[in-house]
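Source file: input.txt. Holds: compact mmCIF, C-alpha atoms.
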```
# COMPACT_ATOMS: atom_id res chain seq x y z
CA MET A 376 -65.49 -112.70 -47.37
CA GLN A 377 -66.78 -109.56 -45.69
CA LEU A 378 -64.19 -107.11 -44.47
CA ILE A 379 -64.67 -105.31 -41.15
CA ALA A 380 -62.72 -102.10 -40.61
CA CYS A 381 -61.07 -102.32 -37.19
CA PRO A 382 -60.63 -98.75 -35.88
CA TRP A 383 -56.98 -99.61 -35.15
CA CYS A 384 -55.87 -102.15 -37.75
CA GLY A 385 -58.01 -101.21 -40.74
CA PRO A 386 -59.99 -103.60 -42.92
CA ARG A 387 -59.61 -107.25 -41.96
CA GLU A 388 -61.55 -110.42 -42.74
CA GLU A 389 -64.56 -111.00 -40.54
CA VAL A 390 -63.20 -114.34 -39.22
CA GLU A 391 -60.69 -112.29 -37.22
CA PHE A 392 -63.52 -110.72 -35.23
CA SER A 393 -65.89 -111.92 -32.57
CA TYR A 394 -69.29 -110.55 -31.71
CA GLY A 395 -70.11 -108.89 -28.42
CA GLY A 396 -73.82 -108.16 -28.54
CA GLN A 397 -75.67 -104.88 -28.23
CA ALA A 398 -73.61 -101.78 -27.52
CA HIS A 399 -74.49 -98.86 -25.27
CA VAL A 400 -76.21 -100.92 -22.57
CA PRO A 401 -75.68 -98.78 -19.47
CA HIS A 402 -74.70 -100.50 -16.25
CA PRO A 403 -77.29 -99.72 -13.57
CA ALA A 404 -76.19 -96.92 -11.26
CA ALA A 405 -77.32 -98.82 -8.15
CA PRO A 406 -77.47 -102.53 -8.98
CA ALA A 407 -78.28 -103.50 -5.39
CA ASP A 408 -81.50 -101.52 -5.52
CA LEU A 409 -82.89 -103.33 -8.54
CA SER A 410 -85.57 -105.96 -8.31
CA ASP A 411 -84.85 -109.38 -9.79
CA GLU A 412 -87.00 -108.48 -12.76
CA GLU A 413 -85.17 -105.22 -13.40
CA TRP A 414 -81.80 -106.99 -13.09
CA ALA A 415 -82.94 -109.68 -15.50
CA HIS A 416 -83.92 -106.97 -17.94
CA TYR A 417 -80.41 -105.50 -17.69
CA VAL A 418 -78.62 -108.84 -18.01
CA PHE A 419 -80.71 -110.71 -20.58
CA PHE A 420 -82.97 -108.37 -22.53
CA ARG A 421 -81.51 -106.98 -25.75
CA ALA A 422 -82.95 -105.19 -28.72
CA ASN A 423 -83.35 -107.24 -31.88
CA PRO A 424 -84.11 -104.73 -34.61
CA LYS A 425 -84.36 -105.34 -38.32
CA GLY A 426 -82.08 -102.64 -39.64
CA ARG A 427 -79.28 -100.61 -38.10
CA PHE A 428 -78.03 -101.95 -34.79
CA ALA A 429 -75.15 -100.66 -32.65
CA GLU A 430 -73.05 -103.64 -31.60
CA ARG A 431 -69.82 -104.44 -29.80
CA TRP A 432 -67.15 -106.28 -31.75
CA ASN A 433 -63.73 -107.55 -30.76
CA HIS A 434 -60.78 -107.89 -33.13
CA SER A 435 -59.87 -111.15 -31.46
CA ALA A 436 -57.27 -112.41 -33.95
CA GLY A 437 -55.62 -109.01 -34.32
CA CYS A 438 -55.18 -106.21 -31.82
CA ARG A 439 -57.74 -107.76 -29.42
CA ARG A 440 -59.46 -104.41 -28.82
CA TRP A 441 -63.19 -103.92 -28.40
CA PHE A 442 -64.94 -101.41 -30.60
CA ASN A 443 -68.48 -100.53 -31.62
CA ALA A 444 -70.05 -100.87 -35.01
CA VAL A 445 -73.37 -99.94 -36.54
CA ARG A 446 -74.47 -102.89 -38.64
CA ASP A 447 -77.60 -103.34 -40.67
CA THR A 448 -79.04 -106.67 -39.54
CA ALA A 449 -81.03 -107.05 -42.75
CA THR A 450 -78.15 -106.54 -45.20
CA TYR A 451 -75.20 -107.35 -42.87
CA ARG A 452 -73.56 -104.17 -44.13
CA PHE A 453 -71.36 -102.31 -41.64
CA GLU A 454 -72.48 -98.67 -41.73
CA ALA A 455 -69.89 -97.33 -39.28
CA VAL A 456 -67.20 -98.44 -36.84
CA TYR A 457 -66.12 -96.32 -33.90
CA ARG A 458 -64.09 -96.62 -30.73
CA LEU A 459 -65.67 -97.35 -27.39
CA ASP A 460 -65.22 -93.80 -26.10
CA GLU A 461 -66.84 -92.23 -29.15
CA PRO A 462 -70.58 -91.55 -29.40
CA ARG A 463 -72.68 -93.48 -31.86
CA PRO A 464 -72.26 -91.76 -35.21
CA VAL A 465 -75.32 -90.53 -37.02
CA THR A 466 -75.88 -92.84 -39.97
CA PRO A 467 -78.07 -91.70 -42.85
CA MET B 1419 -30.91 -140.02 -14.86
CA ALA B 1420 -30.47 -138.25 -18.14
CA GLU B 1421 -30.36 -134.51 -18.08
CA LEU B 1422 -33.30 -132.78 -19.75
CA LEU B 1423 -31.86 -130.55 -22.44
CA ARG B 1424 -33.55 -127.42 -23.62
CA THR B 1425 -34.76 -128.01 -27.15
CA HIS B 1426 -36.31 -125.76 -29.74
CA PRO B 1427 -39.91 -126.56 -30.76
CA LEU B 1428 -38.81 -126.76 -34.40
CA GLU B 1429 -35.62 -128.75 -33.90
CA ALA B 1430 -37.07 -131.66 -35.87
CA TRP B 1431 -37.70 -129.40 -38.87
CA THR B 1432 -34.27 -127.78 -39.20
CA ASP B 1433 -32.92 -130.39 -41.64
CA THR B 1434 -35.97 -129.95 -43.86
CA PHE B 1435 -35.64 -126.18 -43.77
CA ALA B 1436 -31.94 -126.39 -44.61
CA VAL B 1437 -32.53 -127.91 -48.08
CA LEU B 1438 -35.22 -125.47 -49.20
CA PRO B 1439 -34.44 -123.45 -52.35
CA ALA B 1440 -33.46 -119.82 -51.91
CA ALA B 1441 -36.78 -118.61 -53.34
CA VAL B 1442 -38.65 -119.87 -50.28
CA GLY B 1443 -36.05 -119.94 -47.54
CA ILE B 1444 -37.19 -120.70 -44.01
CA THR B 1445 -34.85 -120.34 -41.06
CA VAL B 1446 -35.62 -120.69 -37.39
CA GLU B 1447 -34.76 -117.57 -35.44
CA PRO B 1448 -32.80 -118.11 -32.24
CA PHE B 1449 -34.47 -117.64 -28.87
CA VAL B 1450 -34.86 -113.99 -27.94
CA ALA B 1451 -36.14 -112.37 -24.79
CA MET B 1452 -39.60 -110.90 -25.27
CA ALA B 1453 -41.67 -108.77 -22.96
CA ASP B 1454 -45.24 -107.65 -23.31
CA VAL B 1455 -45.50 -103.97 -22.39
CA ARG B 1456 -48.71 -102.23 -21.38
CA LEU B 1457 -48.70 -98.47 -21.06
CA GLY B 1458 -51.69 -96.14 -21.25
CA ALA B 1459 -50.06 -92.85 -22.13
CA VAL B 1460 -46.69 -92.78 -23.85
CA ALA B 1461 -44.84 -89.86 -22.27
CA PRO B 1462 -41.58 -88.57 -23.77
CA ASP B 1463 -39.58 -89.22 -20.60
CA VAL B 1464 -40.74 -92.83 -20.57
CA GLN B 1465 -39.55 -93.22 -24.15
CA ALA B 1466 -36.20 -91.74 -23.21
CA ARG B 1467 -35.74 -94.01 -20.21
CA LEU B 1468 -36.80 -97.06 -22.20
CA GLY B 1469 -34.33 -96.07 -24.89
CA VAL B 1470 -36.89 -96.73 -27.60
CA ASP B 1471 -39.63 -94.76 -29.29
CA LEU B 1472 -42.58 -97.07 -28.85
CA PRO B 1473 -44.38 -97.01 -32.21
CA THR B 1474 -47.80 -95.40 -31.89
CA VAL B 1475 -48.83 -95.94 -35.50
CA PRO B 1476 -50.87 -99.17 -35.60
CA ASN B 1477 -49.24 -102.19 -37.24
CA THR B 1478 -45.67 -100.94 -37.28
CA TRP B 1479 -42.46 -102.02 -35.61
CA VAL B 1480 -39.17 -100.23 -35.03
CA PRO B 1481 -35.72 -101.64 -34.38
CA THR B 1482 -34.27 -101.04 -30.95
CA GLY B 1483 -30.60 -101.37 -30.12
CA ASP B 1484 -30.59 -105.16 -29.93
CA GLY B 1485 -34.17 -106.09 -30.70
CA ARG B 1486 -37.51 -104.81 -31.89
CA ALA B 1487 -40.45 -102.87 -30.53
CA ILE B 1488 -43.65 -104.16 -32.10
CA TRP B 1489 -47.05 -102.48 -31.91
CA LEU B 1490 -49.66 -104.94 -30.62
CA GLY B 1491 -52.39 -102.50 -29.64
CA PRO B 1492 -52.97 -98.86 -28.73
CA ASP B 1493 -51.58 -99.51 -25.25
CA GLU B 1494 -49.62 -102.70 -25.84
CA TRP B 1495 -46.23 -103.50 -27.35
CA LEU B 1496 -43.93 -106.47 -27.69
CA LEU B 1497 -40.31 -105.66 -26.94
CA THR B 1498 -37.61 -108.14 -27.91
CA SER B 1499 -33.96 -108.25 -27.04
CA THR B 1500 -31.23 -110.53 -28.25
CA ALA B 1501 -28.69 -109.30 -25.71
CA GLU B 1502 -30.58 -109.43 -22.41
CA THR B 1503 -31.91 -112.39 -20.52
CA PRO B 1504 -35.71 -112.49 -20.17
CA GLU B 1505 -35.42 -111.70 -16.47
CA ALA B 1506 -33.15 -108.71 -17.04
CA LEU B 1507 -35.39 -107.34 -19.79
CA GLU B 1508 -38.48 -107.67 -17.62
CA ASP B 1509 -36.78 -106.05 -14.62
CA ARG B 1510 -35.44 -103.15 -16.67
CA LEU B 1511 -38.81 -102.44 -18.28
CA ARG B 1512 -40.69 -102.75 -15.01
CA ALA B 1513 -38.40 -100.25 -13.32
CA VAL B 1514 -39.33 -97.68 -15.96
CA LEU B 1515 -42.99 -98.53 -16.56
CA VAL B 1516 -44.48 -99.34 -13.16
CA PRO B 1517 -44.13 -95.77 -11.78
CA HIS B 1518 -46.14 -94.61 -14.80
CA GLY B 1519 -48.91 -97.16 -14.28
CA GLY B 1520 -47.59 -99.48 -16.96
CA ALA B 1521 -46.64 -103.13 -16.83
CA ALA B 1522 -44.13 -105.48 -18.37
CA VAL B 1523 -44.46 -109.24 -18.45
CA ASP B 1524 -41.90 -111.72 -19.71
CA VAL B 1525 -43.45 -113.66 -22.61
CA SER B 1526 -40.25 -115.09 -24.06
CA ALA B 1527 -41.60 -118.63 -24.04
CA GLN B 1528 -44.81 -117.67 -25.78
CA ARG B 1529 -43.62 -117.14 -29.32
CA ILE B 1530 -40.83 -118.28 -31.59
CA GLY B 1531 -39.70 -116.64 -34.78
CA LEU B 1532 -39.46 -118.03 -38.28
CA ARG B 1533 -37.63 -116.00 -40.88
CA LEU B 1534 -38.95 -116.32 -44.40
CA THR B 1535 -36.72 -115.06 -47.18
CA GLY B 1536 -36.83 -115.28 -50.95
CA GLU B 1537 -38.72 -113.93 -53.91
CA ARG B 1538 -41.62 -116.41 -53.62
CA VAL B 1539 -42.22 -115.94 -49.90
CA ARG B 1540 -45.16 -113.63 -50.51
CA ASP B 1541 -46.80 -116.28 -52.67
CA VAL B 1542 -46.40 -118.83 -49.89
CA LEU B 1543 -47.86 -116.48 -47.27
CA ALA B 1544 -50.73 -115.61 -49.59
CA ARG B 1545 -51.86 -119.24 -49.44
CA GLY B 1546 -53.10 -118.71 -45.91
CA CYS B 1547 -53.13 -115.01 -45.16
CA ALA B 1548 -55.68 -112.62 -46.61
CA LEU B 1549 -53.69 -109.46 -45.97
CA ASP B 1550 -52.16 -107.51 -48.82
CA LEU B 1551 -48.46 -108.14 -48.30
CA HIS B 1552 -47.29 -106.22 -51.34
CA PRO B 1553 -44.34 -104.03 -50.29
CA ARG B 1554 -46.33 -101.00 -51.42
CA VAL B 1555 -48.47 -101.42 -48.28
CA PHE B 1556 -46.42 -103.92 -46.25
CA GLY B 1557 -42.87 -102.65 -46.59
CA TRP B 1558 -40.08 -102.45 -44.05
CA GLY B 1559 -41.38 -101.49 -40.61
CA ALA B 1560 -44.87 -102.91 -41.10
CA CYS B 1561 -46.28 -105.60 -38.86
CA ALA B 1562 -49.64 -107.30 -38.57
CA GLN B 1563 -51.36 -109.62 -36.16
CA THR B 1564 -53.45 -111.96 -38.19
CA THR B 1565 -53.94 -115.63 -38.97
CA LEU B 1566 -51.71 -117.72 -41.20
CA GLY B 1567 -53.36 -120.99 -42.02
CA LEU B 1568 -55.18 -121.62 -38.76
CA ALA B 1569 -52.50 -120.19 -36.49
CA GLY B 1570 -52.51 -116.71 -35.04
CA VAL B 1571 -49.26 -114.99 -35.93
CA VAL B 1572 -47.45 -111.68 -35.83
CA LEU B 1573 -46.04 -110.87 -39.26
CA LEU B 1574 -43.11 -108.48 -39.56
CA ALA B 1575 -41.82 -107.03 -42.82
CA LEU B 1576 -38.03 -106.74 -42.87
CA SER B 1577 -37.52 -105.49 -46.40
CA ASP B 1578 -38.94 -103.06 -48.88
CA ASP B 1579 -39.13 -105.59 -51.69
CA GLY B 1580 -41.34 -108.13 -49.93
CA SER B 1581 -38.68 -110.84 -49.80
CA ASP B 1582 -37.92 -110.88 -46.08
CA HIS B 1583 -40.46 -111.55 -43.35
CA VAL B 1584 -40.44 -112.77 -39.77
CA VAL B 1585 -43.39 -114.78 -38.49
CA LEU B 1586 -43.83 -114.89 -34.73
CA VAL B 1587 -45.99 -117.85 -33.77
CA ARG B 1588 -46.94 -119.47 -30.50
CA SER B 1589 -44.53 -122.24 -29.63
CA SER B 1590 -47.30 -124.82 -29.46
CA PHE B 1591 -48.45 -123.87 -32.96
CA ALA B 1592 -44.92 -123.83 -34.39
CA GLY B 1593 -44.96 -127.44 -35.59
CA TYR B 1594 -48.31 -126.97 -37.27
CA LEU B 1595 -47.16 -123.77 -38.93
CA ALA B 1596 -43.88 -125.34 -40.08
CA ASP B 1597 -45.79 -128.18 -41.73
CA TRP B 1598 -48.24 -125.72 -43.19
CA LEU B 1599 -45.44 -123.56 -44.65
CA LEU B 1600 -43.69 -126.56 -46.18
CA ASP B 1601 -46.98 -127.65 -47.74
CA ALA B 1602 -47.75 -124.15 -49.02
CA ALA B 1603 -44.26 -123.91 -50.50
CA LEU B 1604 -44.52 -127.27 -52.23
CA GLU B 1605 -44.96 -125.87 -55.73
CA PHE B 1606 -41.74 -123.85 -55.37
CA THR B 1607 -39.73 -126.60 -53.68
CA THR B 1608 -40.53 -129.42 -56.08
CA THR B 1609 -40.32 -127.75 -59.49
CA GLU B 1610 -36.84 -126.37 -58.96
CA GLN B 1611 -35.17 -129.69 -58.27
```

Show the structure stored in the file as structure tokens.
Amino acid sequence: MQLIACPWCGPREEVEFSYGGQAHVPHPAAPADLSDEEWAHYVFFRANPKGRFAERWNHSAGCRRWFNAVRDTATYRFEAVYRLDEPRPVTP
Amino acid sequence: MAELLRTHPLEAWTDTFAVLPAAVGITVEPFVAMADVRLGAVAPDVQARLGVDLPTVPNTWVPTGDGRAIWLGPDEWLLTSTAETPEALEDRLRAVLVPHGGAAVDVSAQRIGLRLTGERVRDVLARGCALDLHPRVFGWGACAQTTLGLAGVVLLALSDDGSDHVVLVRSSFAGYLADWLLDAALEFTTTEQ
């Protein structure tokens, strides 16, 4: 089974984690000013790349903290994990 | 009308546990008061007033005077006490933590403890837990929140030779976990008769 390195707990089996979708989606500064279409784009529209993708993950069976990970969607390999307050690391 | 007596979730298993061989001993820990502590920044004066150095290294626990302080997250701990009532523990912690923006909640009824002792305990745990529990990496003072079988547990290491562990499990999962442990220990309980 694939191991995912929780930034707090270290490597754990992937069944301990749950997926949280795309990371770094900024909340609109003035949500009330958005049109329905713009709001729908914020709520529903997500990137779906083939390759490296910054995602949110939650260590739900362990420390229950959210963190970010860069995962390659083609190989499922985790390139980097980092805490929520850290910028996305540059992956080669 | 008959009085409703307070019973332990694993009362029906105590006779079975009592006849287990020493290599895979299971005993039910008595009720202890437990409080879930949230605190953003651990300041030295808070530590002093709590009377315990909250462990900041992930997956470790430290003994306190009459209980344990267990790391659950970067801003979350589980404090146990065998001497205080749950209400007294919660009140004492709140008095210290609330002025610092922290919180303490009584969670005594959430988990119960099972103490696993014996030289084959690691083999039993390995049946349903993927973590490396070798004392080289999981010696005294280590803890881990993980799954054992299908139950979420907090594992504590109480010895440096891997023969003494405490499993904290939700009360409603305790019966399942007790059955699971007895099943996992079957090879060590039947061949030594």

Å distance separating CA of Phe442 in chain A from CA of Asp1493 in chain B, one decimal place: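 So the two atoms, CA of Phe442 in chain A and CA of Asp1493 in chain B, lie 14.5 Å apart.
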
Do you have, as JSON lines, the list of residues of range 415-448 of chain A lying at most 9 Å from range 1561-1580 of chain B, each with its nearest atom pair and that distance in Å to one decimal, counting all atoms listed in the file and ordered by chain then number?
```
{"residue": "A:Ala436", "atom": "CA", "partner": "B:Thr1564", "partner_atom": "CA", "distance": 5.7}
{"residue": "A:Gly437", "atom": "CA", "partner": "B:Gln1563", "partner_atom": "CA", "distance": 4.7}
{"residue": "A:Cys438", "atom": "CA", "partner": "B:Gln1563", "partner_atom": "CA", "distance": 6.7}
```

List as a Markdown table every residue of chain A that is in contact with chain B, defined as an atom at most 12 Å from one of its atoms (using all atoms listed in the file), together with the nearest atom pair and the distance in Å rounded to one decimal, sorted by chain and then rising number.
```
| residue | atom | partner | partner_atom | distance |
| --- | --- | --- | --- | --- |
| A:Met376 | CA | B:Ala1548 | CA | 9.8 |
| A:Gln377 | CA | B:Ala1548 | CA | 11.6 |
| A:Leu378 | CA | B:Ala1548 | CA | 10.4 |
| A:Cys381 | CA | B:Pro1476 | CA | 10.8 |
| A:Pro382 | CA | B:Pro1476 | CA | 9.8 |
| A:Trp383 | CA | B:Pro1476 | CA | 6.1 |
| A:Cys384 | CA | B:Pro1476 | CA | 6.2 |
| A:Gly385 | CA | B:Pro1476 | CA | 9.0 |
| A:Pro386 | CA | B:Leu1549 | CA | 9.1 |
| A:Arg387 | CA | B:Leu1549 | CA | 7.5 |
| A:Glu388 | CA | B:Ala1548 | CA | 7.4 |
| A:Glu389 | CA | B:Ala1548 | CA | 10.9 |
| A:Val390 | CA | B:Thr1565 | CA | 9.4 |
| A:Glu391 | CA | B:Thr1564 | CA | 7.3 |
| A:Phe392 | CA | B:Thr1564 | CA | 10.6 |
| A:His434 | CA | B:Thr1564 | CA | 9.8 |
| A:Ser435 | CA | B:Thr1564 | CA | 9.3 |
| A:Ala436 | CA | B:Thr1564 | CA | 5.7 |
| A:Gly437 | CA | B:Gln1563 | CA | 4.7 |
| A:Cys438 | CA | B:Gly1491 | CA | 5.1 |
| A:Arg439 | CA | B:Gly1491 | CA | 7.5 |
| A:Arg440 | CA | B:Gly1491 | CA | 7.4 |
| A:Trp441 | CA | B:Gly1491 | CA | 11.0 |
| A:Arg458 | CA | B:Pro1492 | CA | 11.5 |
```

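Excluding Glu1537 in chain B and any residue on its chain fewer than 3 positions from it, the residues at most 10 Å away by all atoms listed in the file are Ala1440, Ala1441, Val1442, Gly1443, Leu1534, Arg1540, Asp1541, Val1542, Asp1579, Gly1580, Ser1581 and Asp1582 of chain B.
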
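For the pair CA of Glu1429 in chain B and CA of Ser1526 in chain B, the interatomic distance is 17.5 Å.
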
Among listed residues A:Val465, A:Ala398, A:Phe428, A:Asp408, nearest Arg452 in chain A (using all atoms listed in the file):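 Counting all atoms listed in the file, the residue closest to Arg452 in chain A is A:Phe428.
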
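Here CA of Arg1554 in chain B is placed at a distance of 24.5 Å from CA of Leu1496 in chain B.
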
Expected residue set, 12 Å radius at (-36.1, -95.6, -29.5), only C-alpha atoms, as a list of chain:residue names: B:Pro1462, B:Asp1463, B:Val1464, B:Gln1465, B:Ala1466, B:Arg1467, B:Leu1468, B:Gly1469, B:Val1470, B:Asp1471, B:Leu1472, B:Pro1473, B:Thr1474, B:Trp1479, B:Val1480, B:Pro1481, B:Thr1482, B:Gly1483, B:Asp1484, B:Gly1485, B:Arg1486, B:Ala1487, B:Ile1488, B:Leu1497

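Proximity of B:Asp1509, B:Val1514, B:Trp1431, B:Thr1498 to Val1460 in chain B, computed with only C-alpha atoms, is greatest for B:Val1514.
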
How big is the axis-aligned box, and where does its centre sit, when it encloses all atoms of range 1602-1609 of chain B listed in the file and has 5 Å added on every side, reported in Å to one decimal as AutoDock Vina command-line options?
```
--center_x -43.7 --center_y -126.6 --center_z -54.3 --size_x 18.0 --size_y 15.6 --size_z 20.5
```

Answer as a short mmCIF file (atom, residue, chain, number, x, y, z; two decimals) with C-alpha atoms, in the coordinates of the input, residues within 10 Å of (-76.3, -102.3, -20.4) using all atoms listed in the file:
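Result file is selection35.cif:
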```cif
data_model
loop_
_atom_site.label_atom_id
_atom_site.label_comp_id
_atom_site.auth_asym_id
_atom_site.auth_seq_id
_atom_site.Cartn_x
_atom_site.Cartn_y
_atom_site.Cartn_z
CA GLN A 397 -75.67 -104.88 -28.23
CA ALA A 398 -73.61 -101.78 -27.52
CA HIS A 399 -74.49 -98.86 -25.27
CA VAL A 400 -76.21 -100.92 -22.57
CA PRO A 401 -75.68 -98.78 -19.47
CA HIS A 402 -74.70 -100.50 -16.25
CA PRO A 403 -77.29 -99.72 -13.57
CA HIS A 416 -83.92 -106.97 -17.94
CA TYR A 417 -80.41 -105.50 -17.69
CA VAL A 418 -78.62 -108.84 -18.01
CA PHE A 419 -80.71 -110.71 -20.58
CA PHE A 420 -82.97 -108.37 -22.53
CA ARG A 421 -81.51 -106.98 -25.75
#
```
